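Q: Supplied structure: structure_27.pdb, PDB, C-alpha atoms and all ligand atoms.
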ATOM      1  CA  MET A 728      54.252  -4.162  13.499
ATOM      2  CA  ILE A 729      57.814  -3.177  12.584
ATOM      3  CA  GLU A 730      59.016   0.285  13.440
ATOM      4  CA  THR A 731      62.387   2.009  13.394
ATOM      5  CA  LYS A 732      63.088   5.501  14.656
ATOM      6  CA  GLY A 733      66.278   7.290  13.788
ATOM      7  CA  LEU A 734      67.951   3.931  13.386
ATOM      8  CA  THR A 735      71.665   4.359  12.752
ATOM      9  CA  LYS A 736      74.514   1.894  12.470
ATOM     10  CA  TYR A 737      78.202   2.607  12.130
ATOM     11  CA  TYR A 738      80.872   0.047  11.392
ATOM     12  CA  GLY A 739      83.859   1.967  12.720
ATOM     13  CA  SER A 740      83.597   5.244  10.868
ATOM     14  CA  LEU A 741      81.471   3.832   8.060
ATOM     15  CA  ALA A 742      77.817   4.842   8.282
ATOM     16  CA  ALA A 743      75.922   1.778   7.039
ATOM     17  CA  VAL A 744      72.451   2.927   8.112
ATOM     18  CA  VAL A 745      71.598   6.549   8.843
ATOM     19  CA  ASP A 746      68.539   7.905  10.628
ATOM     20  CA  LEU A 747      66.214   5.275   9.232
ATOM     21  CA  ASN A 748      62.510   5.679   9.960
ATOM     22  CA  LEU A 749      60.311   2.810   8.868
ATOM     23  CA  ARG A 750      56.783   1.758   9.730
ATOM     24  CA  ILE A 751      55.479  -1.527   8.481
ATOM     25  CA  ALA A 752      51.874  -2.336   9.282
ATOM     26  CA  GLU A 753      50.619  -5.714  10.384
ATOM     27  CA  GLY A 754      49.852  -8.004   7.456
ATOM     28  CA  ASP A 755      51.859  -5.910   5.001
ATOM     29  CA  ILE A 756      54.424  -7.156   2.560
ATOM     30  CA  PHE A 757      57.120  -4.513   2.576
ATOM     31  CA  GLY A 758      59.802  -4.485  -0.103
ATOM     32  CA  PHE A 759      63.140  -3.135   1.048
ATOM     33  CA  ILE A 760      65.018  -2.167  -2.071
ATOM     34  CA  GLY A 761      68.480  -0.830  -2.582
ATOM     35  CA  PRO A 762      71.702  -1.376  -4.495
ATOM     36  CA  ASN A 763      74.610  -3.391  -3.124
ATOM     37  CA  GLY A 764      75.973  -1.965   0.083
ATOM     38  CA  ALA A 765      72.896   0.197   0.708
ATOM     39  CA  GLY A 766      72.351  -1.093   4.240
ATOM     40  CA  LYS A 767      69.569  -3.646   3.773
ATOM     41  CA  THR A 768      71.250  -6.564   5.477
ATOM     42  CA  THR A 769      72.487  -4.339   8.282
ATOM     43  CA  THR A 770      68.952  -3.092   8.975
ATOM     44  CA  MET A 771      67.513  -6.586   8.849
ATOM     45  CA  ARG A 772      70.157  -7.983  11.158
ATOM     46  CA  ILE A 773      69.357  -5.267  13.684
ATOM     47  CA  LEU A 774      65.653  -6.124  13.453
ATOM     48  CA  ALA A 775      66.499  -9.791  13.906
ATOM     49  CA  THR A 776      68.426  -8.839  17.095
ATOM     50  CA  LEU A 777      71.742 -10.051  15.654
ATOM     51  CA  LEU A 778      73.335  -6.630  15.586
ATOM     52  CA  GLU A 779      73.094  -3.663  17.913
ATOM     53  CA  PRO A 780      72.234  -0.252  16.539
ATOM     54  CA  SER A 781      74.679   2.604  17.163
ATOM     55  CA  SER A 782      71.738   4.881  17.902
ATOM     56  CA  GLY A 783      68.016   5.087  17.365
ATOM     57  CA  THR A 784      65.520   2.358  18.106
ATOM     58  CA  ALA A 785      63.731  -0.479  16.407
ATOM     59  CA  SER A 786      60.774  -2.449  17.628
ATOM     60  CA  ILE A 787      58.757  -5.398  16.453
ATOM     61  CA  ASP A 788      55.282  -6.072  17.763
ATOM     62  CA  GLY A 789      55.861  -3.230  20.200
ATOM     63  CA  LYS A 790      59.011  -4.797  21.653
ATOM     64  CA  ASP A 791      62.334  -3.023  21.484
ATOM     65  CA  VAL A 792      64.807  -5.242  19.631
ATOM     66  CA  ALA A 793      67.821  -4.138  21.662
ATOM     67  CA  ARG A 794      66.203  -4.643  25.072
ATOM     68  CA  LEU A 795      63.745  -7.489  24.560
ATOM     69  CA  GLY A 796      65.721  -9.664  22.182
ATOM     70  CA  LYS A 797      64.345 -12.931  23.430
ATOM     71  CA  GLN A 798      60.722 -11.884  23.023
ATOM     72  CA  VAL A 799      61.441 -10.410  19.609
ATOM     73  CA  ARG A 800      63.098 -13.612  18.414
ATOM     74  CA  ARG A 801      59.973 -15.522  19.345
ATOM     75  CA  VAL A 802      57.833 -13.526  16.925
ATOM     76  CA  VAL A 803      60.386 -13.099  14.145
ATOM     77  CA  GLY A 804      61.574 -15.496  11.473
ATOM     78  CA  TYR A 805      64.786 -14.210   9.918
ATOM     79  CA  MET A 806      66.188 -15.643   6.736
ATOM     80  CA  PRO A 807      69.769 -14.503   6.125
ATOM     81  CA  ASP A 808      71.155 -13.815   2.679
ATOM     82  CA  PHE A 809      73.394 -16.856   2.699
ATOM     83  CA  MET A 810      72.967 -20.404   3.808
ATOM     84  CA  GLY A 811      75.479 -22.206   5.939
ATOM     85  CA  VAL A 812      76.933 -25.539   4.935
ATOM     86  CA  TYR A 813      75.323 -28.586   6.437
ATOM     87  CA  ASP A 814      77.358 -31.617   5.504
ATOM     88  CA  ASP A 815      75.693 -34.947   5.936
ATOM     89  CA  LEU A 816      72.428 -33.564   7.226
ATOM     90  CA  LYS A 817      69.111 -34.686   5.859
ATOM     91  CA  VAL A 818      66.262 -32.216   5.354
ATOM     92  CA  PHE A 819      64.182 -33.492   8.277
ATOM     93  CA  GLU A 820      67.267 -33.624  10.544
ATOM     94  CA  TYR A 821      68.016 -30.039   9.656
ATOM     95  CA  LEU A 822      64.471 -28.967  10.500
ATOM     96  CA  GLU A 823      64.438 -31.075  13.659
ATOM     97  CA  PHE A 824      67.546 -29.275  14.811
ATOM     98  CA  PHE A 825      65.870 -25.893  14.418
ATOM     99  CA  ALA A 826      62.603 -27.118  15.920
ATOM    100  CA  ALA A 827      64.532 -28.154  19.012
ATOM    101  CA  ALA A 828      66.490 -24.891  19.049
ATOM    102  CA  PHE A 829      63.244 -22.908  18.945
ATOM    103  CA  GLY A 830      61.763 -24.951  21.730
ATOM    104  CA  VAL A 831      59.056 -26.732  19.764
ATOM    105  CA  ALA A 832      57.842 -29.477  22.126
ATOM    106  CA  ARG A 833      59.153 -32.934  21.249
ATOM    107  CA  GLY A 834      55.664 -34.336  20.716
ATOM    108  CA  ARG A 835      54.788 -31.581  18.246
ATOM    109  CA  ARG A 836      57.965 -31.574  16.202
ATOM    110  CA  LYS A 837      56.990 -34.124  13.587
ATOM    111  CA  ALA A 838      53.666 -32.450  12.811
ATOM    112  CA  THR A 839      55.345 -29.043  12.740
ATOM    113  CA  ILE A 840      58.033 -30.231  10.350
ATOM    114  CA  ASP A 841      55.510 -31.953   8.098
ATOM    115  CA  GLY A 842      53.488 -28.752   8.067
ATOM    116  CA  VAL A 843      56.347 -26.505   6.943
ATOM    117  CA  LEU A 844      57.515 -29.080   4.391
ATOM    118  CA  GLU A 845      54.055 -29.162   2.900
ATOM    119  CA  LEU A 846      53.833 -25.401   2.788
ATOM    120  CA  THR A 847      57.164 -25.118   1.003
ATOM    121  CA  ASP A 848      56.405 -28.062  -1.259
ATOM    122  CA  LEU A 849      59.363 -30.087  -0.051
ATOM    123  CA  GLU A 850      57.580 -33.170   1.289
ATOM    124  CA  GLY A 851      59.279 -35.304  -1.335
ATOM    125  CA  LYS A 852      62.700 -34.156  -0.174
ATOM    126  CA  LYS A 853      62.330 -35.003   3.475
ATOM    127  CA  ALA A 854      65.057 -37.646   3.413
ATOM    128  CA  ALA A 855      67.340 -35.875   0.935
ATOM    129  CA  GLN A 856      70.718 -34.497   1.937
ATOM    130  CA  VAL A 857      70.513 -30.723   2.418
ATOM    131  CA  ASP A 858      73.625 -30.241   0.291
ATOM    132  CA  SER A 859      72.072 -32.155  -2.589
ATOM    133  CA  LEU A 860      69.153 -29.725  -3.001
ATOM    134  CA  SER A 861      69.054 -27.243  -5.834
ATOM    135  CA  ARG A 862      69.398 -23.579  -4.980
ATOM    136  CA  GLY A 863      65.668 -22.998  -5.335
ATOM    137  CA  MET A 864      64.911 -25.900  -3.009
ATOM    138  CA  GLN A 865      67.508 -24.680  -0.534
ATOM    139  CA  GLN A 866      65.821 -21.290  -0.497
ATOM    140  CA  ARG A 867      62.498 -22.990   0.176
ATOM    141  CA  LEU A 868      64.103 -25.033   2.913
ATOM    142  CA  GLN A 869      65.349 -21.802   4.452
ATOM    143  CA  LEU A 870      61.796 -20.539   4.419
ATOM    144  CA  ALA A 871      60.597 -23.787   5.963
ATOM    145  CA  ARG A 872      63.157 -23.281   8.697
ATOM    146  CA  VAL A 873      62.093 -19.729   9.525
ATOM    147  CA  LEU A 874      58.478 -20.869   9.721
ATOM    148  CA  ILE A 875      59.148 -23.587  12.263
ATOM    149  CA  HIS A 876      58.213 -21.542  15.298
ATOM    150  CA  ASP A 877      55.229 -19.979  13.506
ATOM    151  CA  PRO A 878      56.491 -16.399  13.691
ATOM    152  CA  LYS A 879      54.149 -13.480  13.026
ATOM    153  CA  VAL A 880      56.845 -11.502  11.289
ATOM    154  CA  LEU A 881      59.174 -12.671   8.536
ATOM    155  CA  ILE A 882      62.360 -10.837   7.677
ATOM    156  CA  LEU A 883      63.716 -12.265   4.460
ATOM    157  CA  ASP A 884      67.022 -11.079   3.068
ATOM    158  CA  GLU A 885      66.999 -11.528  -0.707
ATOM    159  CA  PRO A 886      65.089 -14.815  -0.744
ATOM    160  CA  ALA A 887      64.786 -14.760  -4.525
ATOM    161  CA  SER A 888      68.382 -13.974  -5.423
ATOM    162  CA  GLY A 889      70.113 -16.379  -7.747
ATOM    163  CA  LEU A 890      66.927 -18.209  -8.633
ATOM    164  CA  ASP A 891      65.659 -19.000 -12.088
ATOM    165  CA  PRO A 892      62.320 -17.482 -13.139
ATOM    166  CA  ARG A 893      60.309 -20.559 -12.203
ATOM    167  CA  ALA A 894      61.842 -20.815  -8.753
ATOM    168  CA  ARG A 895      61.250 -17.109  -8.313
ATOM    169  CA  ILE A 896      57.570 -17.521  -9.092
ATOM    170  CA  GLU A 897      57.386 -20.380  -6.614
ATOM    171  CA  ILE A 898      58.858 -18.180  -3.908
ATOM    172  CA  ARG A 899      56.460 -15.405  -4.811
ATOM    173  CA  GLU A 900      53.507 -17.750  -4.520
ATOM    174  CA  LEU A 901      54.758 -19.032  -1.231
ATOM    175  CA  LEU A 902      55.009 -15.486   0.096
ATOM    176  CA  ARG A 903      51.455 -14.786  -1.013
ATOM    177  CA  GLU A 904      50.339 -17.867   0.846
ATOM    178  CA  LEU A 905      52.170 -16.659   3.948
ATOM    179  CA  ARG A 906      50.512 -13.310   3.672
ATOM    180  CA  ARG A 907      47.128 -15.005   3.500
ATOM    181  CA  MET A 908      48.101 -16.654   6.763
ATOM    182  CA  GLY A 909      48.387 -13.159   8.214
ATOM    183  CA  LYS A 910      52.165 -12.817   8.420
ATOM    184  CA  THR A 911      53.864  -9.465   8.181
ATOM    185  CA  ILE A 912      56.715  -9.758   5.712
ATOM    186  CA  MET A 913      59.754  -7.589   5.090
ATOM    187  CA  ILE A 914      61.681  -8.701   2.046
ATOM    188  CA  SER A 915      64.793  -7.220   0.500
ATOM    189  CA  SER A 916      66.005  -7.147  -3.050
ATOM    190  CA  HIS A 917      68.164  -4.966  -5.212
ATOM    191  CA  ILE A 918      65.679  -5.286  -8.045
ATOM    192  CA  LEU A 919      62.521  -3.251  -7.671
ATOM    193  CA  SER A 920      60.596  -5.035 -10.421
ATOM    194  CA  GLU A 921      61.239  -8.373  -8.726
ATOM    195  CA  LEU A 922      58.979  -7.307  -5.888
ATOM    196  CA  GLU A 923      56.508  -5.376  -7.978
ATOM    197  CA  GLU A 924      53.650  -7.833  -7.863
ATOM    198  CA  MET A 925      54.177  -8.785  -4.295
ATOM    199  CA  CYS A 926      54.536  -5.718  -2.155
ATOM    200  CA  ASP A 927      52.036  -3.340  -0.672
ATOM    201  CA  HIS A 928      54.706  -0.838   0.200
ATOM    202  CA  VAL A 929      58.325  -0.360  -0.645
ATOM    203  CA  GLY A 930      61.190   1.522   0.904
ATOM    204  CA  ILE A 931      64.166   2.436  -1.229
ATOM    205  CA  ILE A 932      67.455   2.762   0.582
ATOM    206  CA  GLU A 933      70.725   4.107  -0.719
ATOM    207  CA  HIS A 934      73.941   4.756   1.184
ATOM    208  CA  GLY A 935      72.118   3.896   4.387
ATOM    209  CA  ARG A 936      69.395   6.478   3.870
ATOM    210  CA  LEU A 937      65.790   5.977   2.944
ATOM    211  CA  VAL A 938      65.291   7.868  -0.298
ATOM    212  CA  PHE A 939      61.699   6.829  -0.827
ATOM    213  CA  SER A 940      58.960   5.092   1.070
ATOM    214  CA  GLY A 941      55.424   4.500  -0.101
ATOM    215  CA  THR A 942      53.263   2.449  -2.414
ATOM    216  CA  LEU A 943      54.226   1.509  -5.951
ATOM    217  CA  GLU A 944      51.511   3.882  -7.089
ATOM    218  CA  GLU A 945      53.282   6.675  -5.245
ATOM    219  CA  ILE A 946      56.551   5.764  -6.956
ATOM    220  CA  ARG A 947      54.802   6.034 -10.284
ATOM    221  CA  GLN A 948      53.531   9.477  -9.440
ATOM    222  CA  ARG A 949      56.801  10.584  -7.920
ATOM    223  CA  VAL A 950      58.852   9.886 -10.997
ATOM    224  CA  GLY A 951      56.170  11.184 -13.285
ATOM    225  CA  LEU A 952      55.645   7.949 -15.147
ATOM    226  CA  HIS A 953      51.937   8.493 -15.015
ATOM    227  CA  THR A 954      51.939  11.649 -16.979
ATOM    228  CA  LYS A 955      52.360  10.172 -20.432
ATOM    229  CA  VAL A 956      49.653   8.501 -22.444
ATOM    230  CA  ARG A 957      49.910   6.669 -25.689
ATOM    231  CA  VAL A 958      47.022   7.279 -28.070
ATOM    232  CA  ARG A 959      46.203   5.367 -31.224
ATOM    233  CA  ILE A 960      43.406   6.560 -33.463
ATOM    234  CA  SER A 961      41.908   5.556 -36.764
ATOM    235  CA  GLY A 962      41.395   9.079 -38.084
ATOM    236  CA  ASP A 963      43.616  11.981 -39.072
ATOM    237  CA  LEU A 964      46.653  12.237 -36.773
ATOM    238  CA  ASP A 965      47.331  15.901 -37.533
ATOM    239  CA  LYS A 966      43.800  16.889 -36.693
ATOM    240  CA  ALA A 967      44.020  14.988 -33.428
ATOM    241  CA  VAL A 968      47.311  16.713 -32.551
ATOM    242  CA  GLU A 969      45.675  20.049 -33.139
ATOM    243  CA  MET A 970      42.696  19.259 -30.956
ATOM    244  CA  LEU A 971      44.626  17.737 -28.106
ATOM    245  CA  SER A 972      47.322  20.402 -27.980
ATOM    246  CA  VAL A 973      44.868  23.027 -26.844
ATOM    247  CA  LEU A 974      43.467  21.018 -23.946
ATOM    248  CA  PRO A 975      44.378  22.569 -20.605
ATOM    249  CA  GLU A 976      45.688  19.338 -19.131
ATOM    250  CA  VAL A 977      47.971  18.584 -22.050
ATOM    251  CA  GLN A 978      51.519  19.817 -22.021
ATOM    252  CA  VAL A 979      52.751  18.509 -25.331
ATOM    253  CA  VAL A 980      51.634  16.143 -28.066
ATOM    254  CA  ARG A 981      54.169  14.297 -30.135
ATOM    255  CA  LYS A 982      53.273  12.607 -33.376
ATOM    256  CA  LEU A 983      54.926   9.251 -33.774
ATOM    257  CA  GLU A 984      54.669   6.940 -36.738
ATOM    258  CA  ASP A 985      51.249   5.459 -36.028
ATOM    259  CA  ARG A 986      50.261   7.042 -32.762
ATOM    260  CA  LEU A 987      50.486  10.050 -30.495
ATOM    261  CA  SER A 988      52.423  10.412 -27.303
ATOM    262  CA  VAL A 989      50.684  12.881 -25.046
ATOM    263  CA  THR A 990      52.431  14.366 -22.054
ATOM    264  CA  LEU A 991      50.034  15.601 -19.405
ATOM    265  CA  ARG A 992      50.690  18.487 -17.088
ATOM    266  CA  GLU A 993      51.546  17.792 -13.494
ATOM    267  CA  GLY A 994      48.429  16.719 -11.650
ATOM    268  CA  GLY A 995      46.798  15.964 -14.995
ATOM    269  CA  SER A 996      44.153  13.305 -15.071
ATOM    270  CA  ASP A 997      44.390   9.827 -16.507
ATOM    271  CA  GLY A 998      43.595  11.016 -19.960
ATOM    272  CA  GLY A 999      39.809  10.925 -19.695
ATOM    273  CA  LEU A1000      39.483  14.330 -21.308
ATOM    274  CA  ILE A1001      41.603  13.182 -24.224
ATOM    275  CA  ALA A1002      39.264  10.282 -24.876
ATOM    276  CA  LYS A1003      36.209  12.495 -24.598
ATOM    277  CA  THR A1004      37.605  15.105 -26.963
ATOM    278  CA  LEU A1005      38.490  12.554 -29.623
ATOM    279  CA  VAL A1006      35.222  10.722 -29.379
ATOM    280  CA  GLN A1007      33.197  13.943 -29.563
ATOM    281  CA  ALA A1008      35.129  14.923 -32.684
ATOM    282  CA  ASP A1009      34.230  11.550 -34.150
ATOM    283  CA  ILE A1010      37.827  10.428 -34.360
ATOM    284  CA  GLY A1011      38.042   6.681 -33.872
ATOM    285  CA  LEU A1012      39.952   5.939 -30.697
ATOM    286  CA  LEU A1013      41.728   2.597 -30.923
ATOM    287  CA  GLU A1014      43.898   2.729 -27.834
ATOM    288  CA  LEU A1015      44.632   5.008 -24.936
ATOM    289  CA  VAL A1016      47.118   3.692 -22.422
ATOM    290  CA  PRO A1017      49.190   5.328 -19.743
ATOM    291  CA  GLU A1018      52.855   4.631 -20.530
ATOM    292  CA  GLN A1019      53.865   1.557 -18.651
ATOM    293  CA  LEU A1020      55.798   2.130 -15.526
ATOM    294  CA  LYS A1021      59.294   0.892 -15.997
ATOM    295  CA  LEU A1022      59.967   0.193 -12.395
ATOM    296  CA  ASP A1023      63.635  -0.338 -12.775
ATOM    297  CA  ASP A1024      63.958   3.016 -14.498
ATOM    298  CA  ALA A1025      62.017   4.521 -11.630
ATOM    299  CA  PHE A1026      64.402   2.890  -9.225
ATOM    300  CA  LEU A1027      67.409   4.300 -11.030
ATOM    301  CA  GLN A1028      65.883   7.758 -10.989
ATOM    302  CA  LEU A1029      65.085   7.533  -7.315
ATOM    303  CA  THR A1030      68.468   6.237  -6.267
ATOM    304  CA  LYS A1031      70.444   8.638  -8.409
ATOM    305  CA  GLY A1032      68.864  11.414  -6.435
ATOM    306  CA  ILE A1033      67.251  12.894  -9.541
ATOM    307  CA  VAL A1034      64.012  13.027  -7.622
ATOM    308  CA  HIS A1035      64.066  14.689  -4.230
TER     309      HIS A1035
HETATM  310  N1  LIG A1101      80.557  -6.482   9.400
HETATM  311  C1  LIG A1101      80.826  -5.365   8.714
HETATM  312  N2  LIG A1101      81.931  -4.646   8.995
HETATM  313  C2  LIG A1101      82.204  -3.502   8.334
HETATM  314  N3  LIG A1101      81.439  -2.996   7.351
HETATM  315  C3  LIG A1101      80.326  -3.674   7.022
HETATM  316  C4  LIG A1101      79.957  -4.895   7.693
HETATM  317  N4  LIG A1101      78.810  -5.335   7.163
HETATM  318  C5  LIG A1101      78.458  -4.442   6.214
HETATM  319  N5  LIG A1101      79.363  -3.442   6.118
HETATM  320  C6  LIG A1101      79.276  -2.273   5.235
HETATM  321  O1  LIG A1101      78.053  -1.597   5.497
HETATM  322  C7  LIG A1101      77.447  -1.146   4.297
HETATM  323  C8  LIG A1101      76.059  -1.740   4.186
HETATM  324  O2  LIG A1101      76.171  -3.137   3.986
HETATM  325  P1  LIG A1101      74.908  -4.114   3.932
HETATM  326  O3  LIG A1101      75.424  -5.490   3.902
HETATM  327  O4  LIG A1101      73.962  -3.744   5.007
HETATM  328  O5  LIG A1101      74.293  -3.713   2.532
HETATM  329  P2  LIG A1101      73.199  -4.446   1.628
HETATM  330  O6  LIG A1101      72.223  -3.399   1.246
HETATM  331  O7  LIG A1101      72.680  -5.646   2.325
HETATM  332  O8  LIG A1101      74.017  -4.859   0.334
HETATM  333  P3  LIG A1101      73.871  -6.140  -0.629
HETATM  334  O9  LIG A1101      72.817  -5.798  -1.638
HETATM  335  O10 LIG A1101      75.213  -6.225  -1.273
HETATM  336  O11 LIG A1101      73.529  -7.329   0.205
HETATM  337  C9  LIG A1101      78.396  -1.545   3.176
HETATM  338  O12 LIG A1101      79.203  -0.434   2.879
HETATM  339  C10 LIG A1101      79.216  -2.667   3.778
HETATM  340  O13 LIG A1101      80.496  -2.687   3.212
HETATM  341 MG    MG A1102      72.651  -7.641   1.854
END
The structure in this file should be written as structure tokens.
A:
Amino acid sequence: MIETKGLTKYYGSLAAVVDLNLRIAEGDIFGFIGPNGAGKTTTMRILATLLEPSSGTASIDGKDVARLGKQVRRVVGYMPDFMGVYDDLKVFEYLEFFAAAFGVARGRRKATIDGVLELTDLEGKKAAQVDSLSRGMQQRLQLARVLIHDPKVLILDEPASGLDPRARIEIRELLRELRRMGKTIMISSHILSELEEMCDHVGIIEHGRLVFSGTLEEIRQRVGLHTKVRVRISGDLDKAVEMLSVLPEVQVVRKLEDRLSVTLREGGSDGGLIAKTLVQADIGLLELVPEQLKLDDAFLQLTKGIVH
């Protein structure tokens, strides 16, 4: 649904985006993650037809963004990372303005506006001044605005930034709802864990280059966070260390205060053999858990170039 090939953008001599190749499938929620200045907004603005690439191509729904801007804008809802100031404008006036701008027929505007207000849970704020809304409500209003022309594709630049945890959850739920409606969503953030529960795929960008692209599961494997298991037993720890150390899939066993930390060899399993060995030896197994993925640690590893 969204595809870039060799996408590159220079601002003068500064390379903001370099040879970016992305493929986002229809119906996917794609998390676009990177630190400040990585090139997220630049990429999204190109996709939203607001900026021309220096070289390379980008297309949405099979339409080249640089050549078929008008058609692309019809299928894309773009939410920028900042909101303009709208003095003295009420919520429904604001949405009416955009409905008109997007060519929603006069007779359908009211129903359309009511629909997006309901979806974003802002019905009660219809007559409120835009400037009087809280930040979380303003973000939802932004989403209501980008939904006005019922776009298939949403490009959302940091929609959850600056929100408190509750407002963040509300946005997350709203995005899930939009996905159920069949939208393809590209969403940026500089915090990987913020998108963890939401995204099918993520792309990590740094200094304009894609350093990783894949599923969260692939990130876990890539940074090796899968290869450690925590084991708690009721029996003799030393005996367990002895038994586990000789297993072919085990690299090292460390004895901690009340448990064992087992590091598996590359390509090692999920620890099934460990469980089997302990159980067969009649050692009571209380707990066997893969070490939790600390996504933000993974992100730091990936963006520091530790992993290639
Ligand atoms: N209009 C511009 N003119 C010149 N340089 C720019 C312009 N916009 C962005 N840049 C530069 O391009 C690089 C990428 O910026 P961009 O805004 O795309 O990053 P970002 O990933 O969205 O960052 P953030 O997380 O801070 O929003 C940065 O070095 C930035 O300074
Ligand atoms: Mg940005």
Q: Which distance in Å separates atom CA of A:Tyr737 and atom CA of A:Arg801, to one decimal?
A: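 Between atom CA of A:Tyr737 and atom CA of A:Arg801 the gap is 26.7 Å.
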Q: To one decimal in Å, tell me the separation between atom CA of A:Glu976 and atom CA of A:Val956.
A: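 For atom CA of A:Glu976 relative to atom CA of A:Val956, the distance reads 12.0 Å.
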Q: Which one is closest to ligand LIG 1101 (chain A): A:Lys955, A:Arg992, A:Arg895, A:His934? Count all atoms listed in the file.
A: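 Ranked by minimum distance to ligand LIG 1101 (chain A), first place goes to A:His934.
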Q: Which is closer to A:Arg906 than all the others in A:Ser961, A:Lys879, A:Ala855, A:Ile931, using only C-alpha atoms?
A: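 Smallest distance to A:Arg906 is found for A:Lys879.
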Q: Show me which residues are within 10 Å of ligand LIG 1101 (chain A) counting all atoms listed in the file, and format the list as an MDAnalysis selection string.
A: chainID A and resid 736:744 759:773 778 808:809 884:885 915:918 932:935
Q: Got a sec: who's within 9 Å of A:Lys790, counting only C-alpha atoms, leaving out chain neighbours fewer than 6 positions off, as a PyMOL selection string?
A: chain A and resi 796+798-799
Q: Mind telling me what the PyMOL selection byres (((chain A and resi 754) around 12) and not hetatm) catches here, as a ChimeraX atom specification?
A: /A:728-729,751-753,755-757,788,879-881,902-913,926-928
Q: Once the PyMOL selection byres (((chain A and resi 821) around 12) and not hetatm) has been applied to the shown file, what residues remain in the selection, as a PyMOL selection string?
A: chain A and resi 811-820+822-828+840+844+852-858+865+868-869+871-873+875
Q: Which residue is closest to A:Asp985? Choose from A:Val1006, A:Ala967, A:Val831, A:Ile960 and count all atoms listed in the file.
A: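 Going through A:Val1006, A:Ala967, A:Val831, A:Ile960 one by one, the smallest distance to A:Asp985 is for A:Ile960.
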Q: Taking only C-alpha atoms and all ligand atoms into account, name the residue in A:Leu991, A:Val979, A:Leu883, A:Val1016 that is nearest to ligand MG 1102 (chain A).
A: A:Leu883
Q: Could you tell me which of A:Gly962, A:Pro886, A:Pro975, A:Gly842 comes closest to ligand MG 1102 (chain A) if we count all atoms listed in the file?
A: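 Smallest distance to ligand MG 1102 (chain A) is found for A:Pro886.
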Q: To one decimal place in Å, what is the distance between atom CA of A:Gly783 and atom CA of A:Thr735?
A: 5.9 Å
Q: Measuring atom to atom with all atoms listed in the file, identify which of A:Arg835, A:Arg867, A:Lys797, A:Lys982 is nearest to A:Ile898.
A: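 Looking only at the distances to A:Ile898, the closest residue turns out to be A:Arg867.
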Q: List as a list in words the protein and nucleic acid residues near A:Glu897, meaning an atom at most 12 Å away when all atoms listed in the file are counted, but skip any in the same chain fewer than 5 places from it.
A: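 The neighbour list is Leu846, Thr847, Asp848, Leu849, Gly863, Met864, Gln866, Arg867, Leu870, Pro886, Ala887, Leu890, Asp891, Pro892, Leu902, Arg903 and Glu904 of chain A.
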Q: Can you tell me, as AutoDock Vina command-line options, the centre and edge lengths (Å, one decimal) of the axis-aligned box enclosing all of stretch 790-797 of chain A's listed atoms after padding each side by 6 Å?
A:
--center_x 63.4 --center_y -8.0 --center_z 22.4 --size_x 20.8 --size_y 21.9 --size_z 17.4
Q: Written as a ChimeraX atom specification, which residues does the PyMOL selection byres (((chain A and resi 969) around 12) and not hetatm) give for the file shown?
A: /A:963-968,970-974,977,979-982,987,989,1001,1004-1005,1008
